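Reviewing the structure listed below.
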Amino acid sequence: MDPESLALDIRRYFGNFLGRDRHCHSAHYPYQALVLALRDRLMERWKNTSYAYEAQDAKHAYYLSLEFLMGRALNNALLNLGMGETTDAALRNLGLDLEELIDVEHDAGLGNGGLGRLAACFLDSCATLQLPVVGYGIRYAYGMFRQHIEGSRQVEEPDHWLRDGHPWELERPEHTHRVRYYGRTERHTDTRGRVHVSWVDGHDVLAVPYDVAVPGYRNGTVNTLRLWSSAATDEFDLGEFNSGSYPESVASKNAAENITMVLYPNDASENGKELRLRQQYFLASASLQDILARWLQNHGEDFSRFAEKNCFQLNDTHPSCAVPELMRLLMDEHGLEWEEAWNITSRTMAYTNHTLLPEALEKWSVRLFGQLLPRLLEIVYEINARFLAEVARRWPGDNGRLARMSLIEEGDDPQVRMAYLAIVGSFSVNGVAELHSDLLKQGLFHDFYELWPGKFNNKTNGVTQRRWLAAANPELGRLIDARIGTGWVTRLDELRGLAALVDDADFRQQWRAAKRANKARLAALVKRDCEVDFDPDALFDVQVKRIHEYKRQLLNILHVIHLYARIKSGGVGDWTPRCVLIGGKAAPGYFMAKRIITLICKVAEVVNTDSDMAGRLKVAFLPNYRVSAMEIIAPGTDLSEQISTAGKEASGTGNMKFMMNGAVTIGTLDGANIEIREEVGDDNFFLFGLTAEEVEATRHSYDPNLLIEADPDLKRVMTLIESGHFNQFEPGLFDPVIHAIRSPHDPWLVAADFRAYVNAQDRAAAAYRDGDRWTRMSILNTACSGKFSTDRTMQEYNAEIWKLAPVAASGG
Ligand SMILES: *Cc1c(COP(=O)(O)O)cnc(C)c1O
C-alpha cells in the first residue's frame with residue numbers, strides 16, 4: 001500500500017503484462033497498468049468479504065437492475081481505498097499525472113439516467129454500510145449512445161466502451177448459466193400422480209458473468225456487481241449442419257450474442273420490442289439460477305429457509321420476469337409444489353416503482369410473451385387465476401374490479417401488465433419520494449393499495465456523497481473538513497454543523513472562493529465542448545438531465561428568450577449577468593425532445609452572437625451529458641433547475657447532487673424537491689408553479705392561448721419564436737413546439753407555469769446580486785442536504801424491507 005510498491009507494480013504491468021515501452025505515448029496504457037495494480041489491492045479484501053458473508057451464512061439482498069450507470073471507477077476506488085495520495089506519489093515518481101489518467105477512463109454508461117445512477121449510488125452505500133448486497137445487471141457491449149450536436153441537431157453515435165478493454169472487470173466463466181427461449185412445454189405424470197412440466201425444443205443461450213468490485217469507504221468491504229454477457233452455446237443446428245448449411249448453422253451464434261449487445265436508450269418509455277424482453281428475461285433467469293446454485297451448494301435441496309436468507313429488489317418492472325422465473329425454477333427444476341414455491345417467491349420479491357407516466361408502464365403482448373417464454377406465460381396465467389380468485393372473495397361480484405386488476409389486459413392484442421405482476425409477486429412495493437409514493441396509492445395502484453395497504457411504502461432516493469461531494473468537489477470537501485471534520489463522508493447529517501458558520505465572514509469568503517474555482521472548472525468544460533465563454537462571476541443557471549417534455553427544458557428556454565427580449569427592449573436596469581447551461585440526451589425516437597434540443601441550440605446561437613447580450617446573457621447546450629460531466633457541473637452550479645410539471649418527476653436525484661454542492665434550487669413542488677425544500681426552508685429555495693393537485697384540476701379548463709394573450713412577456717416570447725427569429729433559414733422548424741405550447745391538451749402545462757417561473761427567476765437574480773445573501777443560501781443548502789445520502793436510503797431499505805445484518809470484513 002506504499003507508493004514504492006505501487007510504482008513497481010505499475011511499471012511491471014506496463015512493461016510486462018501490457019508489453020509497452022518508452023515509445024508508448026498514449027496515457028491509456030499507464031491508466032490500464034494503474035488499474036491492474038489497484039485491482040490487485042482490492043482482491044484480498046474482495047475474497048475476505050465473501051468469506052465473511054459465507055462464514056456467517058449472512059442473509060443477502062440482490063439488486064436486480066437492467067441499468068447501472070457507474071460512470072468512471074478510478075477516482076472513486078482511490079477515495080474509498082484511501083489511496084489517493086499514495087497513488088499520486090507513485091505516479092509522480094513515474095513521471096505520470098493522476099488527473100490525466102483519471103480523464104482517460106471511459107464512463108461505464110450502462111444506464112439511461114436517474115434510475116441507473118440510483119442503482120450505482122445504492123451499491124456504494126451498501127458496501128460502505130457493510131451490507132451483503134449483490135448487484136445483478138447486464139454487460140452491454142454498447143452503453144448509452146454518445147451525443148453530438150451537428151447543425152443544431154442531436155446525432156447519436158454508438159458507445160463501444162469495451163473497445164480498449166475494461167480492466168476493472170473479472171470474467172467468471174465457471175459461473176456460466178443457460179437461459180432458454182422459445183420452444184414449448186410438455187407435461188407428464190409420475191407414478192405418484194404428480195404432474196411435471198418441462199420446457200422443450202427451446203434455443204439456449206449462455207449467460208457469462210463479469211464481476212466488478214464495489215469497494216466500501218475505507219472499511220475493508222468489497223461487494224460485487226455481477227454483469228451478464230450473452231454467448232452462443234457450441235451446439236450447432238445439426239440438421240442444417242448436415243444438410244450443408246454450415247453458415248446458417250453458425251449464424252445462430254449472432255442471435256445469441258445480440259442479446260446483450262446494446263442498452264435501450266429510452267428513458268421513461270418502453271416500446272414492446274422483443275429484444276428488450278429477451279434482455280429482461282436473460283437478467284432475471286441468469287441471476288436467479290446463480291443464486292439458487294449457491295444455495296444448493298450450501299444447503300442442498302432444502303429450501304425451507306430460503307426466504308429467510310434472500311431478498312430480491314426489483315429496480316422498476318424491468319426485471320419482473322423474476323417472479324414467474326423463480327416459480328419455474330423452484331417447481332420445474334427443484335420439484336417444489338406451487339404453494340411452497342409461491343410462499344418463497346412472494347416473501348422474497350420487493351418492487352420499486354420509478355414512474356407515474358402511464359406510457360412508461362411496461363406491457364408485453366401476450367402473443368410475444370408466450371412465443372418467447374412459453375413456460376413463463378403459463379405460470380403468469382396461474383398466478384393471475386389465483387390472484388383474481390382472491391379479489392373475487394374480497395369483492396364478490398365486482399367484475400369491473402377484476403378486469404381492472406387482472407395481470408392480463410384484455411383487448412384485440414392482450415397484454416401482460418408487468419407492474420401488476422410485480423405487485424402481486426412482491427411483499428413490498430415502494431415509491432421513491434413521499435409525494436410519488438402517495439400518488440401511487442391514490443392513483444395508479446389504488447386498487448392494489450385497497451387490497452394490501454401494508455405492502456406499500458416510501459423510500460426517498462438519495463445520492464452517494466462519496467462520489468458527488470468528496471470526490472467531485474475536493475475544493476469544498478477540504479473546506480468542510482477543516483471546519484467540521486471528516487465525519488460527513490459516512491454520516492452526511494453532520495453537514496448540519498455548517499449552518500452555524502453562515503455568520504462567519506471568513507468562512508463565507510472561503511466558500512465563495514471554492515465555488516468560484518469550481519465555476520472556472522465548469523467554464524473550461526463549456527469552452528472546450530460548446531465553444532462558449534462563461535464568465536465565472538455570472539450566475540450559473542443549469543439544467544442537466546434527460547430531455548423530456550415533462551422535465552420542461554422548454555419552460556427554461558422560454559425564460560431565456562424572455563431575458564433576451566428584455567435586454568433587446570432595454571430593460572437592463574439591475575441586471576444580473578447569467579450563464580444558462582442546458583444538457584441532456586433525447587431518446588433517438590423522441591421527436592419532440594429532439595426538436596427542443598434544436599430550439600435550445602438555435603436560441604444559443606442568436607443570443608451568443610448578439611453584442612447587446614455581452615456581459616449579460618450567455619446560453620450553451622452541453623453535448624453528451626453523462627456522469628463524468630456531472631462531476632464537474634454540479635460543483636460549478638449556482639442555480640439548479642428542477643422545473644418538472646408537478647406530479648410527474650418521481651423523485652429526481654440530480655436535484656440532490658446540486659443541493660449537496662451548494663447550488664440553490666428553483667423548482668416546482670414535485671418529487672424530492674418537496675423534501676429538499678422542507679429540509680432547507682422556503683427562504684433558501686425558489687418555489688414556483690402549480691401543485692400536483694392544481695395540475696390535475698387545470699387540465700379540464702386549460703386555455704394556453706388565453707394565458708399568452710394576457711401576459712405581455714409570454715406573448716412577446718411566442719411572437720419571437722413564431723416570427724422565425726430563431727430559424728431564419730428553416731421556416732416551420734419550430735411549428736411543432738409552438739403547437740405543443742398552444743394546445744389546450746398540453747399535458748405539461750408549459751404556459752400555465754410561465755409567469756410564476758419568470759417571477760421566481762427574478763427573485764433568484766435579485767438574491768444573487770447580494771453576494772453575501774447568496775453565499776448564505778448556498779452554505780445552508782449543503783448544510784441541509786444530509787437526508788439525501790443513499791446511506792440513509794439504504795438504511796431504510798434494510799430496516800424495513802431487506803433486514804440484513806451488517807457483516808464486518810476481517811481485517812477491515
Ligand atoms: C443524476 C443523474 C441523472 C438524473 O438526473 P435527474 O435530474 O434526477 O433526472 C441523469 N443522468 C446522469 C448522468 C446523472 O448523473
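In the C-alpha cells, chains take the letters A, B, ... in the order shown, each chain's residues start at 1, and ligands count up from 1 in the order shown.
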Open item on the list: Just want the residues within 9 Å of ligand 1, written as JSON, numbers by chain, counting only C-alpha atoms and all ligand atoms.
Closed with: {"A": [69, 71, 109, 111, 112, 113, 114, 115, 116, 117, 118, 463, 543, 544, 545, 546, 547, 551, 584, 585, 625, 626, 627, 628, 629, 630, 631, 641, 642, 649, 650, 651, 652, 653, 654, 655, 656, 657]}
Skip range 140-156 of chain A itself and residues of its chain fewer than 2 positions away, then list as a short mmCIF file (atom, residue, chain, number, x, y, z; two decimals) with all heavy atoms, in the first residue's frame all residues within 6 Å of it, counting only C-alpha atoms.
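The result, written out as around-v2.cif:
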```cif
data_model
loop_
_atom_site.label_atom_id
_atom_site.label_comp_id
_atom_site.auth_asym_id
_atom_site.auth_seq_id
_atom_site.Cartn_x
_atom_site.Cartn_y
_atom_site.Cartn_z
N GLY A 109 -21.32 3.59 -19.11
CA GLY A 109 -22.64 4.21 -19.28
C GLY A 109 -23.73 3.18 -19.48
O GLY A 109 -24.46 3.24 -20.46
N LEU A 110 -23.86 2.25 -18.54
CA LEU A 110 -24.82 1.16 -18.71
C LEU A 110 -26.18 1.54 -18.15
O LEU A 110 -26.84 0.73 -17.48
CB LEU A 110 -24.28 -0.11 -18.03
CG LEU A 110 -22.85 -0.52 -18.45
CD1 LEU A 110 -22.45 -1.83 -17.79
CD2 LEU A 110 -22.76 -0.64 -19.97
N ILE A 138 -26.64 -6.21 -16.63
CA ILE A 138 -26.23 -6.69 -17.96
C ILE A 138 -25.00 -5.94 -18.41
O ILE A 138 -24.89 -4.71 -18.26
CB ILE A 138 -27.39 -6.53 -18.96
CG1 ILE A 138 -28.49 -7.53 -18.64
CG2 ILE A 138 -26.90 -6.73 -20.39
CD1 ILE A 138 -29.64 -7.53 -19.60
N PRO A 158 -22.65 5.16 -31.56
CA PRO A 158 -22.57 4.03 -30.62
C PRO A 158 -21.41 4.18 -29.63
O PRO A 158 -20.35 4.71 -29.98
CB PRO A 158 -22.34 2.81 -31.52
CG PRO A 158 -22.49 3.27 -32.92
CD PRO A 158 -22.49 4.76 -32.95
N ASP A 159 -21.64 3.72 -28.43
CA ASP A 159 -20.66 3.85 -27.36
C ASP A 159 -20.01 2.49 -27.13
O ASP A 159 -20.47 1.70 -26.30
CB ASP A 159 -21.40 4.33 -26.09
CG ASP A 159 -20.56 4.17 -24.82
OD1 ASP A 159 -19.39 4.59 -24.86
OD2 ASP A 159 -21.08 3.65 -23.82
N HIS A 160 -18.97 2.20 -27.89
CA HIS A 160 -18.29 0.90 -27.74
C HIS A 160 -17.27 1.01 -26.62
O HIS A 160 -16.05 1.00 -26.83
CB HIS A 160 -17.63 0.50 -29.06
CG HIS A 160 -17.21 -0.93 -29.07
ND1 HIS A 160 -16.45 -1.48 -30.07
CD2 HIS A 160 -17.44 -1.93 -28.20
CE1 HIS A 160 -16.23 -2.76 -29.79
NE2 HIS A 160 -16.83 -3.06 -28.67
N THR A 260 -27.09 -9.10 -25.38
CA THR A 260 -26.50 -8.08 -24.50
C THR A 260 -25.69 -7.06 -25.30
O THR A 260 -24.80 -6.40 -24.75
CB THR A 260 -25.62 -8.71 -23.41
OG1 THR A 260 -24.59 -9.48 -24.04
CG2 THR A 260 -26.43 -9.61 -22.50
N MET A 261 -26.00 -6.93 -26.60
CA MET A 261 -25.22 -6.02 -27.44
C MET A 261 -25.41 -4.55 -27.04
O MET A 261 -24.45 -3.81 -26.90
CB MET A 261 -25.63 -6.21 -28.90
CG MET A 261 -24.76 -5.47 -29.89
SD MET A 261 -23.10 -6.15 -29.94
CE MET A 261 -23.37 -7.63 -30.89
N VAL A 262 -26.66 -4.13 -26.82
CA VAL A 262 -26.89 -2.69 -26.68
C VAL A 262 -27.97 -2.35 -25.66
O VAL A 262 -28.97 -3.05 -25.55
CB VAL A 262 -27.19 -2.06 -28.07
CG1 VAL A 262 -28.44 -2.67 -28.69
CG2 VAL A 262 -27.33 -0.54 -27.99
N LEU A 263 -27.71 -1.29 -24.91
CA LEU A 263 -28.68 -0.74 -23.96
C LEU A 263 -29.79 -0.03 -24.74
O LEU A 263 -29.51 0.76 -25.65
CB LEU A 263 -27.98 0.27 -23.05
CG LEU A 263 -28.87 1.17 -22.19
CD1 LEU A 263 -29.47 0.39 -21.04
CD2 LEU A 263 -28.08 2.37 -21.67
N THR A 598 -32.94 21.30 -30.56
CA THR A 598 -32.65 22.20 -31.68
C THR A 598 -33.02 23.64 -31.32
O THR A 598 -32.25 24.58 -31.60
CB THR A 598 -33.39 21.73 -32.94
OG1 THR A 598 -32.94 20.41 -33.25
CG2 THR A 598 -33.14 22.66 -34.12
N CYS A 601 -30.37 25.08 -29.06
CA CYS A 601 -29.13 25.39 -29.80
C CYS A 601 -29.30 26.65 -30.65
O CYS A 601 -28.39 27.48 -30.75
CB CYS A 601 -28.72 24.22 -30.68
SG CYS A 601 -28.23 22.76 -29.74
N PRO A 623 -23.12 19.11 -25.04
CA PRO A 623 -23.38 17.79 -25.64
C PRO A 623 -22.88 16.66 -24.72
O PRO A 623 -21.98 16.84 -23.91
CB PRO A 623 -22.57 17.83 -26.94
CG PRO A 623 -21.52 18.86 -26.73
CD PRO A 623 -22.05 19.84 -25.73
N ASN A 624 -23.52 15.50 -24.90
CA ASN A 624 -23.09 14.24 -24.27
C ASN A 624 -23.05 14.32 -22.74
O ASN A 624 -22.07 13.89 -22.12
CB ASN A 624 -21.72 13.80 -24.82
CG ASN A 624 -21.52 12.31 -24.65
OD1 ASN A 624 -22.48 11.55 -24.67
ND2 ASN A 624 -20.28 11.90 -24.46
#
```
Task: Residue list (alpha helix (DSSP H), DSSP) for range 570-740 of chain A, as a PyMOL selection string - done: chain A and resi 591-608+627-633+654-660+673-680+692-698+704-710+712-722+735-740
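If only C-alpha atoms are the atoms counted, then among A:Ala392, A:Glu693, A:Asp57, A:Pro731 the closest residue to His299 in chain A is A:Asp57.
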TODO: Compile the contact shell of Ile102 in chain A as an NGL selection string: residues with an atom at most 10 Å away, counting only C-alpha atoms, same-chain residues fewer than 5 positions apart removed.
DONE: :A and (27 or 31 or 72-75 or 97)
Open item on the list: Counting only C-alpha atoms, which residue out of A:Gly636, A:Gly165, A:Gly95, A:Pro173 sits closest to His28 in chain A?
Closed with: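 Closest to His28 in chain A, using only C-alpha atoms: A:Gly165.
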- [ ] Considering only C-alpha atoms, state which residue in the set A:Val104, A:Leu498, A:Val542, A:Val197 is at the smallest distance from Cys784 in chain A.
- [x] A:Leu498
Open item on the list: Using only C-alpha atoms for the distances, tell me which of A:Ala697, A:Leu492, A:Val619, A:Leu435 is nearest to Glu531 in chain A.
Closed with: A:Val619
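As for CA of Ala752 in chain A and CA of Ile557 in chain A, they are spaced 15.1 Å apart.
CA of Glu274 in chain A lies 15.0 Å from CA of His203 in chain A.
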Open item on the list: Show me, as a VMD selection string, the residues that have an atom within 12 Å of Pro30 in chain A when counting only C-alpha atoms, minus same-chain residues fewer than 6 positions from it.
Closed with: chain A and resid 7 9 to 15 17 to 22 24 36 to 37 90 to 91 94 to 98 100 to 102 104 to 105 167
Open item on the list: as a ChimeraX atom specification, please: the residues near Arg716 in chain A (cut-off 9 Å, only C-alpha atoms, same-chain neighbours under 5 positions excluded).
Closed with: /A:562,565,708,711,721
Preceding selection exported with all heavy atoms as a short mmCIF file (atom, residue, chain, number, x, y, z; two decimals), in the first residue's frame:
```cif
data_model
loop_
_atom_site.label_atom_id
_atom_site.label_comp_id
_atom_site.auth_asym_id
_atom_site.auth_seq_id
_atom_site.Cartn_x
_atom_site.Cartn_y
_atom_site.Cartn_z
N HIS A 562 -37.22 35.15 -23.00
CA HIS A 562 -37.77 36.32 -22.30
C HIS A 562 -36.65 37.28 -21.87
O HIS A 562 -36.76 38.50 -22.05
CB HIS A 562 -38.58 35.84 -21.09
CG HIS A 562 -38.83 36.92 -20.07
ND1 HIS A 562 -39.69 37.97 -20.31
CD2 HIS A 562 -38.32 37.11 -18.82
CE1 HIS A 562 -39.69 38.77 -19.24
NE2 HIS A 562 -38.87 38.28 -18.33
N ALA A 565 -35.36 39.07 -24.90
CA ALA A 565 -36.28 40.12 -25.34
C ALA A 565 -36.20 41.33 -24.41
O ALA A 565 -36.28 42.49 -24.86
CB ALA A 565 -37.71 39.56 -25.39
N ILE A 708 -51.47 33.32 -22.99
CA ILE A 708 -50.47 34.01 -23.81
C ILE A 708 -50.93 35.44 -24.11
O ILE A 708 -50.16 36.41 -23.99
CB ILE A 708 -50.20 33.22 -25.11
CG1 ILE A 708 -49.49 31.89 -24.78
CG2 ILE A 708 -49.36 34.04 -26.10
CD1 ILE A 708 -49.48 30.87 -25.91
N ASP A 711 -50.56 37.75 -20.99
CA ASP A 711 -49.24 38.01 -20.39
C ASP A 711 -48.31 38.58 -21.45
O ASP A 711 -47.86 37.87 -22.35
CB ASP A 711 -48.68 36.69 -19.83
CG ASP A 711 -47.35 36.90 -19.10
OD1 ASP A 711 -46.59 37.83 -19.48
OD2 ASP A 711 -47.06 36.12 -18.17
N ILE A 721 -40.64 33.53 -31.34
CA ILE A 721 -40.49 32.18 -31.90
C ILE A 721 -41.31 32.07 -33.19
O ILE A 721 -40.83 31.57 -34.21
CB ILE A 721 -40.95 31.10 -30.90
CG1 ILE A 721 -40.17 31.20 -29.58
CG2 ILE A 721 -40.76 29.70 -31.49
CD1 ILE A 721 -40.67 30.25 -28.49
#
```
Could you pull the residues within 8 Å of Leu687 in chain A, counting only C-alpha atoms, minus those fewer than 6 positions along the same chain, as an mmCIF file with all heavy atoms, in the first residue's frame?
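Result written to selection.cif:
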```cif
data_model
loop_
_atom_site.group_PDB
_atom_site.id
_atom_site.type_symbol
_atom_site.label_atom_id
_atom_site.label_comp_id
_atom_site.auth_asym_id
_atom_site.auth_seq_id
_atom_site.Cartn_x
_atom_site.Cartn_y
_atom_site.Cartn_z
ATOM 1 N N ILE A 666 -34.265 26.217 -8.045
ATOM 2 C CA ILE A 666 -35.516 26.832 -8.484
ATOM 3 C C ILE A 666 -36.366 25.664 -8.941
ATOM 4 O O ILE A 666 -35.950 24.893 -9.802
ATOM 5 C CB ILE A 666 -35.298 27.893 -9.592
ATOM 6 C CG1 ILE A 666 -36.638 28.512 -9.995
ATOM 7 C CG2 ILE A 666 -34.581 27.340 -10.813
ATOM 8 C CD1 ILE A 666 -36.506 29.784 -10.831
ATOM 9 N N GLY A 667 -37.531 25.486 -8.308
ATOM 10 C CA GLY A 667 -38.245 24.259 -8.609
ATOM 11 C C GLY A 667 -39.716 24.275 -8.264
ATOM 12 O O GLY A 667 -40.208 25.148 -7.537
ATOM 13 N N THR A 668 -40.388 23.267 -8.800
ATOM 14 C CA THR A 668 -41.809 23.035 -8.536
ATOM 15 C C THR A 668 -41.944 22.102 -7.338
ATOM 16 O O THR A 668 -40.983 21.471 -6.910
ATOM 17 C CB THR A 668 -42.462 22.364 -9.752
ATOM 18 O OG1 THR A 668 -41.635 21.260 -10.157
ATOM 19 C CG2 THR A 668 -42.585 23.340 -10.911
ATOM 20 N N LEU A 669 -43.179 21.987 -6.834
ATOM 21 C CA LEU A 669 -43.465 21.046 -5.745
ATOM 22 C C LEU A 669 -43.626 19.657 -6.352
ATOM 23 O O LEU A 669 -44.733 19.140 -6.475
ATOM 24 C CB LEU A 669 -44.723 21.470 -4.997
ATOM 25 C CG LEU A 669 -44.554 22.648 -4.030
ATOM 26 C CD1 LEU A 669 -45.901 23.035 -3.423
ATOM 27 C CD2 LEU A 669 -43.549 22.345 -2.926
ATOM 28 N N ALA A 760 -40.106 33.777 -10.213
ATOM 29 C CA ALA A 760 -39.141 33.086 -9.344
ATOM 30 C C ALA A 760 -37.718 33.331 -9.836
ATOM 31 O O ALA A 760 -36.785 33.514 -9.039
ATOM 32 C CB ALA A 760 -39.446 31.589 -9.302
#
```
Task: strand (DSSP E) residues, from DSSP on the backbone, in range 398-442 of chain A, as number ranges by chain - done: A: 408-409, 415-417, 428-431
TODO: Identify which of the residues A:Val695, A:Ile676, A:Leu376, A:Lys253 lies closest to Val205 in chain A, counting only C-alpha atoms when measuring atom-to-atom distances.
DONE: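 Counting only C-alpha atoms, the residue closest to Val205 in chain A is A:Lys253.
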Task: Residue nearest Thr698 in chain A - candidates A:Ala646, A:Ala805, A:Met1, A:Ala207, atoms counted: only C-alpha atoms - done: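 With only C-alpha atoms as the atom set, the closest residue is A:Ala646.
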Env of Ser406 in chain A: 8 Å cut, atoms = only C-alpha atoms, seq-sep filter 4 positions within chain, self excluded. Answer as a PDB file with N, CA and C atoms, in the first residue's frame.
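As written to disk, selection.pdb reads:
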```pdb
ATOM      1  N   ASN A 384     -52.272 -15.316 -12.021  1.00  0.00           N
ATOM      2  CA  ASN A 384     -53.418 -14.437 -12.228  1.00  0.00           C
ATOM      3  C   ASN A 384     -54.719 -15.098 -11.778  1.00  0.00           C
ATOM      4  N   LEU A 388     -56.926 -13.439  -8.953  1.00  0.00           N
ATOM      5  CA  LEU A 388     -58.283 -12.937  -9.204  1.00  0.00           C
ATOM      6  C   LEU A 388     -59.309 -13.648  -8.323  1.00  0.00           C
ATOM      7  N   LEU A 402     -62.239  -6.811 -11.182  1.00  0.00           N
ATOM      8  CA  LEU A 402     -61.460  -7.954 -11.681  1.00  0.00           C
ATOM      9  C   LEU A 402     -60.755  -7.598 -12.986  1.00  0.00           C
ATOM     10  N   TYR A 420     -48.336  -4.925 -12.446  1.00  0.00           N
ATOM     11  CA  TYR A 420     -49.269  -5.699 -11.621  1.00  0.00           C
ATOM     12  C   TYR A 420     -48.645  -7.036 -11.243  1.00  0.00           C
TER      13      TYR A 420
END
```
